$ cat target20.txt   # compact mmCIF, C-alpha atoms and all ligand atoms
# COMPACT_ATOMS: atom_id res chain seq x y z
CA MET A 1 0.00 0.00 0.00
CA SER A 2 1.34 3.36 -0.89
CA MET A 3 2.04 6.05 1.65
CA LYS A 4 1.44 9.78 1.24
CA ILE A 5 3.63 12.46 2.74
CA ALA A 6 2.52 16.09 2.41
CA LEU A 7 5.18 18.75 2.06
CA ALA A 8 3.96 21.91 3.77
CA GLY A 9 5.60 25.28 4.33
CA ASN A 10 5.58 29.03 3.78
CA PRO A 11 6.15 30.52 0.33
CA ASN A 12 9.90 30.86 -0.35
CA CYS A 13 11.01 28.46 2.37
CA GLY A 14 12.70 26.22 -0.23
CA LYS A 15 9.81 23.79 -0.70
CA THR A 16 10.25 23.44 -4.48
CA THR A 17 13.98 22.86 -4.08
CA LEU A 18 13.31 20.16 -1.48
CA PHE A 19 10.53 18.58 -3.54
CA ASN A 20 12.83 18.37 -6.57
CA GLY A 21 15.63 16.94 -4.44
CA LEU A 22 13.37 14.25 -2.97
CA THR A 23 11.55 13.21 -6.13
CA GLY A 24 13.97 13.92 -9.01
CA ALA A 25 12.32 13.38 -12.38
CA ASN A 26 9.48 11.35 -10.86
CA GLN A 27 6.92 14.17 -10.86
CA PHE A 28 3.34 14.64 -11.98
CA VAL A 29 2.02 18.17 -12.31
CA GLY A 30 -1.66 19.17 -12.54
CA ASN A 31 -4.17 21.44 -10.87
CA TRP A 32 -6.14 21.00 -7.65
CA PRO A 33 -9.76 20.15 -8.53
CA GLY A 34 -11.77 23.19 -9.59
CA VAL A 35 -9.02 25.77 -9.04
CA THR A 36 -5.95 26.97 -10.91
CA VAL A 37 -3.57 26.24 -8.06
CA GLU A 38 -0.76 23.96 -9.18
CA LYS A 39 -0.75 20.46 -7.78
CA LYS A 40 2.50 18.51 -7.80
CA GLU A 41 3.20 15.03 -6.61
CA GLY A 42 6.14 12.73 -7.03
CA LYS A 43 7.61 9.46 -5.87
CA LEU A 44 10.20 9.65 -3.15
CA LYS A 45 13.54 8.51 -4.61
CA GLY A 46 14.33 4.99 -3.52
CA HIS A 47 10.76 4.38 -2.31
CA ASN A 48 8.37 3.26 -5.02
CA ASP A 49 5.48 3.21 -2.57
CA VAL A 50 5.94 6.70 -1.08
CA ILE A 51 4.24 9.69 -2.73
CA ILE A 52 5.32 13.21 -1.81
CA MET A 53 2.45 15.73 -2.19
CA ASP A 54 3.64 19.28 -2.63
CA LEU A 55 1.07 21.58 -0.99
CA PRO A 56 0.79 25.24 -2.01
CA GLY A 57 3.09 27.58 -0.04
CA ILE A 58 1.02 29.15 2.76
CA TYR A 59 1.46 31.23 5.93
CA SER A 60 -1.50 29.88 7.86
CA LEU A 61 -4.39 27.39 7.82
CA SER A 62 -6.94 30.21 7.86
CA PRO A 63 -9.54 30.42 5.07
CA TYR A 64 -8.38 33.70 3.53
CA THR A 65 -6.55 32.58 0.39
CA LEU A 66 -7.27 29.92 -2.20
CA GLU A 67 -3.92 28.29 -1.40
CA GLU A 68 -4.79 28.00 2.29
CA VAL A 69 -8.19 26.53 1.53
CA VAL A 70 -6.69 24.01 -0.92
CA ALA A 71 -3.89 22.99 1.46
CA ARG A 72 -6.07 22.52 4.50
CA GLY A 73 -8.82 20.84 2.49
CA TYR A 74 -6.25 18.26 1.43
CA LEU A 75 -4.91 17.82 4.97
CA ILE A 76 -8.38 17.41 6.48
CA ASN A 77 -10.06 15.32 3.79
CA GLU A 78 -7.27 13.24 2.31
CA ARG A 79 -5.38 12.73 5.57
CA PRO A 80 -1.79 12.18 4.41
CA ASP A 81 0.16 9.62 6.43
CA ALA A 82 2.59 12.32 7.57
CA ILE A 83 3.40 15.99 7.15
CA LEU A 84 6.94 17.06 6.33
CA ASN A 85 6.88 20.66 7.48
CA ILE A 86 9.69 22.65 5.92
CA VAL A 87 10.60 25.92 7.62
CA ASP A 88 13.11 28.61 6.68
CA GLY A 89 15.70 28.60 9.47
CA THR A 90 16.63 32.23 8.71
CA ASN A 91 13.01 33.22 9.36
CA LEU A 92 12.07 30.70 12.00
CA GLU A 93 9.78 32.91 14.05
CA ARG A 94 7.55 33.79 11.11
CA ASN A 95 7.54 30.23 9.77
CA LEU A 96 6.51 28.68 13.09
CA TYR A 97 3.09 30.34 12.84
CA LEU A 98 2.05 27.74 10.28
CA SER A 99 3.85 24.94 12.15
CA THR A 100 1.81 25.51 15.32
CA GLN A 101 -1.34 25.00 13.26
CA LEU A 102 -0.09 21.96 11.35
CA ALA A 103 0.68 20.40 14.73
CA GLU A 104 -3.02 20.56 15.63
CA LEU A 105 -4.23 18.38 12.74
CA GLY A 106 -3.57 15.07 14.48
CA ILE A 107 -1.27 13.93 11.65
CA PRO A 108 2.26 12.60 12.33
CA MET A 109 4.66 15.47 11.64
CA VAL A 110 8.39 15.94 11.06
CA MET A 111 10.00 19.36 10.77
CA ALA A 112 12.84 20.11 8.34
CA VAL A 113 14.66 23.34 9.20
CA ASN A 114 15.96 24.56 5.85
CA MET A 115 18.60 27.13 4.82
CA MET A 116 20.91 25.81 7.53
CA ASP A 117 23.89 26.69 5.29
CA VAL A 118 22.85 30.35 5.58
CA VAL A 119 22.05 30.12 9.30
CA LYS A 120 25.54 28.69 9.95
CA LYS A 121 27.27 31.17 7.68
CA ASN A 122 25.63 33.97 9.65
CA GLY A 123 26.97 32.43 12.85
CA ASP A 124 23.45 31.92 14.23
CA GLN A 125 22.44 28.83 16.18
CA ILE A 126 19.27 26.77 16.26
CA PHE A 127 19.18 24.14 18.99
CA ILE A 128 17.53 21.32 17.07
CA ASP A 129 17.12 18.94 20.04
CA LYS A 130 15.46 21.64 22.10
CA LEU A 131 13.20 22.59 19.19
CA SER A 132 12.19 18.95 18.84
CA GLU A 133 11.42 18.77 22.55
CA VAL A 134 9.26 21.92 22.65
CA LEU A 135 7.40 21.05 19.44
CA GLY A 136 6.92 17.39 20.27
CA CYS A 137 8.12 16.19 16.87
CA LYS A 138 11.30 15.05 15.17
CA VAL A 139 13.30 17.99 13.75
CA VAL A 140 16.01 17.64 11.09
CA GLU A 141 18.45 20.31 9.85
CA ILE A 142 18.64 20.55 6.09
CA SER A 143 19.96 22.58 3.21
CA ALA A 144 17.64 21.86 0.29
CA LEU A 145 20.03 23.77 -1.98
CA LYS A 146 23.06 21.66 -1.06
CA GLY A 147 21.02 18.51 -0.55
CA THR A 148 22.28 17.95 2.97
CA GLY A 149 19.95 16.30 5.49
CA ILE A 150 17.12 15.90 2.99
CA LYS A 151 17.29 12.12 2.82
CA GLU A 152 17.30 11.94 6.60
CA ALA A 153 14.29 14.28 6.77
CA ALA A 154 12.33 12.17 4.28
CA GLU A 155 13.25 8.93 6.08
CA ALA A 156 12.10 10.47 9.36
CA ALA A 157 8.75 11.35 7.74
CA VAL A 158 8.40 7.79 6.38
CA LYS A 159 9.16 6.45 9.84
CA ALA A 160 6.63 8.80 11.49
CA ALA A 161 4.00 7.76 8.93
CA SER A 162 4.68 4.05 9.49
CA ALA A 163 4.43 4.46 13.26
CA LYS A 164 1.01 6.09 12.77
CA GLN A 165 1.55 8.11 15.90
CA ALA A 166 -0.43 11.35 15.63
CA GLN A 167 1.48 14.52 16.43
CA GLN A 168 1.07 15.13 20.15
CA ILE A 169 -0.52 18.35 21.37
CA VAL A 170 2.20 20.18 23.26
CA HIS A 171 0.77 23.67 23.16
CA THR A 172 -2.29 24.60 25.16
CA PHE A 173 -4.10 27.92 25.15
CA ASP A 174 -5.32 29.94 28.14
CA LYS A 175 -7.50 27.91 30.50
CA LYS A 176 -10.64 29.80 29.45
CA VAL A 177 -9.94 29.00 25.79
CA GLU A 178 -9.17 25.36 26.58
CA ASN A 179 -12.46 25.03 28.45
CA ALA A 180 -14.33 26.49 25.48
CA LEU A 181 -12.47 24.14 23.09
CA THR A 182 -13.37 21.13 25.24
CA ASP A 183 -17.04 22.18 25.24
CA ILE A 184 -16.96 22.57 21.44
CA GLU A 185 -15.17 19.23 20.96
CA ASN A 186 -17.91 17.56 22.99
CA MET A 187 -20.51 18.95 20.59
CA LEU A 188 -18.81 17.48 17.53
CA GLY A 189 -20.45 14.36 16.21
CA SER A 190 -18.76 11.15 15.19
CA GLU A 191 -18.35 12.50 11.64
CA VAL A 192 -15.24 14.30 12.94
CA PRO A 193 -12.55 11.71 13.77
CA GLU A 194 -11.17 11.93 17.30
CA GLU A 195 -7.71 13.14 16.20
CA GLN A 196 -9.22 16.01 14.16
CA LYS A 197 -11.54 17.29 16.88
CA ARG A 198 -9.13 19.81 18.32
CA PHE A 199 -8.46 21.37 14.91
CA PHE A 200 -12.19 21.65 14.15
CA ALA A 201 -12.91 23.05 17.61
CA ILE A 202 -10.25 25.76 17.20
CA LYS A 203 -11.62 26.70 13.78
CA LEU A 204 -15.19 26.87 15.07
CA PHE A 205 -13.97 28.94 18.02
CA GLU A 206 -12.41 31.34 15.49
CA ARG A 207 -15.77 31.52 13.65
CA ASP A 208 -14.15 30.13 10.51
CA ASP A 209 -17.20 29.79 8.28
CA LYS A 210 -15.36 27.83 5.60
CA ILE A 211 -14.79 24.96 8.02
CA LYS A 212 -18.55 24.61 8.43
CA GLU A 213 -18.78 23.68 4.74
CA GLN A 214 -16.68 20.63 5.60
CA MET A 215 -19.21 19.44 8.15
CA ALA A 216 -22.53 17.66 7.69
CA GLN A 217 -23.68 18.76 11.12
CA VAL A 218 -22.52 22.13 12.41
CA PRO A 219 -22.93 22.58 16.17
CA ASP A 220 -24.10 25.98 17.40
CA VAL A 221 -21.08 27.17 19.36
CA GLU A 222 -21.85 30.92 19.35
CA GLY A 223 -22.80 31.01 23.04
CA ILE A 224 -19.51 29.36 24.06
CA VAL A 225 -17.44 31.65 21.84
CA ALA A 226 -19.20 34.84 22.92
CA ALA A 227 -18.79 33.93 26.61
CA ALA A 228 -15.04 33.36 26.15
CA GLU A 229 -14.72 36.65 24.26
CA GLN A 230 -16.46 38.51 27.03
CA ALA A 231 -14.34 36.86 29.72
CA MET A 232 -11.12 37.68 27.82
CA ASP A 233 -12.19 41.03 26.40
CA ASP A 234 -11.06 40.28 22.85
CA ASP A 235 -12.46 38.67 19.72
CA SER A 236 -11.95 34.95 19.43
CA GLU A 237 -9.72 34.98 16.37
CA SER A 238 -7.37 37.54 17.94
CA ILE A 239 -7.26 35.53 21.16
CA ILE A 240 -5.99 32.47 19.28
CA THR A 241 -3.57 34.46 17.09
CA ASN A 242 -2.09 36.38 20.01
CA GLU A 243 -1.58 33.24 22.04
CA ARG A 244 0.19 31.60 19.12
CA TYR A 245 2.61 34.54 18.92
CA VAL A 246 3.36 34.35 22.64
CA TYR A 247 3.99 30.60 22.33
CA ILE A 248 6.25 31.14 19.31
CA SER A 249 8.34 33.81 21.06
CA SER A 250 8.87 31.44 23.96
CA ILE A 251 10.08 28.77 21.49
CA ILE A 252 12.46 31.23 19.81
CA GLY A 253 13.79 32.31 23.22
CA LYS A 254 14.60 28.71 24.11
CA CYS A 255 15.85 27.41 20.75
CA CYS A 256 17.69 30.17 18.89
CA LYS A 257 20.80 32.21 19.46
CA LYS A 258 21.74 34.93 17.06
CA ALA A 259 25.34 35.92 16.44
CA LYS A 260 24.29 39.55 16.35
CA ALA A 261 21.12 40.65 18.10
CA GLY A 262 18.38 41.46 15.61
CA LYS A 263 20.16 39.94 12.63
CA MET A 264 18.60 36.52 12.30
CA THR A 265 17.02 37.16 8.92
CA THR A 266 18.78 37.55 5.61
CA SER A 267 15.81 38.99 3.76
C1 LIG F 301 16.41 31.36 -5.74
N1 LIG F 301 20.01 27.23 1.16
C2 LIG F 301 20.09 28.34 0.42
N2 LIG F 301 21.15 29.12 0.57
N3 LIG F 301 19.13 28.70 -0.47
C3 LIG F 301 18.08 27.87 -0.60
C4 LIG F 301 17.94 26.68 0.14
C5 LIG F 301 18.97 26.34 1.07
O1 LIG F 301 18.94 25.33 1.78
N4 LIG F 301 16.77 26.11 -0.22
C6 LIG F 301 16.22 26.89 -1.15
N5 LIG F 301 16.99 27.96 -1.38
P1 LIG F 301 12.17 27.65 -3.55
P2 LIG F 301 9.50 27.75 -2.44
C7 LIG F 301 17.39 32.45 -5.96
O2 LIG F 301 15.65 30.93 -6.57
O3 LIG F 301 12.50 26.20 -3.52
C8 LIG F 301 16.74 29.10 -2.30
O4 LIG F 301 8.85 29.03 -2.78
C9 LIG F 301 17.47 33.03 -7.20
N6 LIG F 301 16.64 32.58 -8.20
O5 LIG F 301 17.42 28.38 -4.47
O6 LIG F 301 11.81 28.24 -4.87
C10 LIG F 301 16.32 28.63 -3.66
O7 LIG F 301 9.17 26.65 -3.38
C11 LIG F 301 18.39 34.05 -7.36
O8 LIG F 301 16.40 30.85 -4.50
O9 LIG F 301 11.07 28.01 -2.47
C12 LIG F 301 15.52 29.83 -4.13
O10 LIG F 301 9.24 27.36 -1.02
C13 LIG F 301 19.19 34.46 -6.31
O11 LIG F 301 15.63 29.80 -1.80
C14 LIG F 301 14.86 30.32 -2.86
C15 LIG F 301 19.06 33.86 -5.10
O12 LIG F 301 13.40 28.41 -2.90
C16 LIG F 301 13.41 29.81 -2.70
C17 LIG F 301 18.13 32.85 -4.91
C18 LIG F 301 16.70 33.10 -9.52
$ encode --input "target20.txt" --output "structure tokens"
Amino acid sequence: MSMKIALAGNPNCGKTTLFNGLTGANQFVGNWPGVTVEKKEGKLKGHNDVIIMDLPGIYSLSPYTLEEVVARGYLINERPDAILNIVDGTNLERNLYLSTQLAELGIPMVMAVNMMDVVKKNGDQIFIDKLSEVLGCKVVEISALKGTGIKEAAEAAVKAASAKQAQQIVHTFDKKVENALTDIENMLGSEVPEEQKRFFAIKLFERDDKIKEQMAQVPDVEGIVAAAEQAMDDDSESIITNERYVYISSIIGKCCKKAKAGKMTTS
């Protein structure tokens, strides 16, 4: 039986370079159904039974761009066996915004930190073991351009997919938000698989109308959301976004050391 690994990351993180490195000439290019967003898949070199799905480059799993809707539709409906999340190591803070959301999908995940040649040249440090610990997933350093670490990253994704161990939830929101999410999860019917409930609950909490189109039965969560908003004096989407940023800064504080303060990025 063939295995599917989805390649997910921000625009410009080196996803195409990695995809080409992993699949070589074994590629099929088309469009996602109904939209003019390019769809690429290819066989992982050396693994006839492993398909790498290249998802559109995105910054978030929100419903605001076609690319985001396509990418998350695939992740929710097709359920790849694993996600290989590629992040730009020279822009880690910005890239982790998507990673925190991918980690909530209940799909085994491996992170590949790309552009490590540039990170090292700049004299910056990323503590990979620490990053792995705080994210709760395997993290591999790569340079897609030089081809270093890419085989190891793909093998780690194959291993994670074979183990079928869903990405653990390591980040929790404020207690008031968590209580609301639990209440929403309890209202979700059996049409939403257990491992996807948290993702759906967060989206419903954010009043993401597009997610409702994915559901046969949409629970009325407005009372729960409005009560949380009142208790926290902010709108629900901002509550979630702000908490993600706080979480991400704590990760950066623990896992990165810049050679010169304020000069982590090259762009
Ligand atoms: C240009 N290291 C370095 N140094 N660069 C990398 C690495 C890496 O590990 N990985 C990718 N790049 P895409 P998306 C370019 O095209 O794969 C570079 O959007 C240029 N082009 O070579 O396209 C990669 O698919 C002229 O750079 O990313 C590419 O995710 C001058 O990152 C860019 C300099 O990679 C984006 C760079 C004409």
$ residues_near_ligand --input "target20.txt" --ligand "ligand LIG 301 (chain F)" --cutoff "8 Å" --atoms "only C-alpha atoms and all ligand atoms" --output "count of residues only"
23
$ residues_near_point --input "target20.txt" --point "(-1.8, -0.2, -1.4)" --cutoff "12 Å" --atoms "all atoms listed in the file" --output "PyMOL selection string"
chain A and resi 1-4+48-51
$ residues_around --input "target20.txt" --residues "A:Leu131" --least-positions-apart "5" --cutoff "12 Å" --atoms "all atoms listed in the file" --output "PDB file with C-alpha atoms, in the frame of the given file"
ATOM      1  CA  GLY A  89      15.700  28.600   9.470  1.00  0.00           C
ATOM      2  CA  LEU A  92      12.070  30.700  12.000  1.00  0.00           C
ATOM      3  CA  LEU A  96       6.510  28.680  13.090  1.00  0.00           C
ATOM      4  CA  SER A  99       3.850  24.940  12.150  1.00  0.00           C
ATOM      5  CA  VAL A 110       8.390  15.940  11.060  1.00  0.00           C
ATOM      6  CA  MET A 111      10.000  19.360  10.770  1.00  0.00           C
ATOM      7  CA  ALA A 112      12.840  20.110   8.340  1.00  0.00           C
ATOM      8  CA  VAL A 113      14.660  23.340   9.200  1.00  0.00           C
ATOM      9  CA  GLN A 125      22.440  28.830  16.180  1.00  0.00           C
ATOM     10  CA  ILE A 126      19.270  26.770  16.260  1.00  0.00           C
ATOM     11  CA  GLY A 136       6.920  17.390  20.270  1.00  0.00           C
ATOM     12  CA  CYS A 137       8.120  16.190  16.870  1.00  0.00           C
ATOM     13  CA  LYS A 138      11.300  15.050  15.170  1.00  0.00           C
ATOM     14  CA  VAL A 139      13.300  17.990  13.750  1.00  0.00           C
ATOM     15  CA  VAL A 140      16.010  17.640  11.090  1.00  0.00           C
ATOM     16  CA  GLU A 141      18.450  20.310   9.850  1.00  0.00           C
ATOM     17  CA  VAL A 170       2.200  20.180  23.260  1.00  0.00           C
ATOM     18  CA  ILE A 248       6.250  31.140  19.310  1.00  0.00           C
ATOM     19  CA  SER A 250       8.870  31.440  23.960  1.00  0.00           C
ATOM     20  CA  ILE A 251      10.080  28.770  21.490  1.00  0.00           C
ATOM     21  CA  ILE A 252      12.460  31.230  19.810  1.00  0.00           C
ATOM     22  CA  GLY A 253      13.790  32.310  23.220  1.00  0.00           C
ATOM     23  CA  LYS A 254      14.600  28.710  24.110  1.00  0.00           C
ATOM     24  CA  CYS A 255      15.850  27.410  20.750  1.00  0.00           C
ATOM     25  CA  CYS A 256      17.690  30.170  18.890  1.00  0.00           C
TER      26      CYS A 256
END
$ closest_residue --input "target20.txt" --among "A:Leu98, A:Ala154, A:Ala8, A:Ala259" --to "A:Tyr245" --atoms "all atoms listed in the file"
A:Leu98
$ residues_around --input "target20.txt" --residues "A:Phe199" --least-positions-apart "4" --cutoff "7 Å" --atoms "all atoms listed in the file" --output "ChimeraX atom specification"
/A:104-105,203
$ write_last_selection --input "target20.txt" --atoms "C-alpha atoms" --output "PDB file, in the frame of the given file"
ATOM      1  CA  GLU A 104      -3.020  20.560  15.630  1.00  0.00           C
ATOM      2  CA  LEU A 105      -4.230  18.380  12.740  1.00  0.00           C
ATOM      3  CA  LYS A 203     -11.620  26.700  13.780  1.00  0.00           C
TER       4      LYS A 203
END
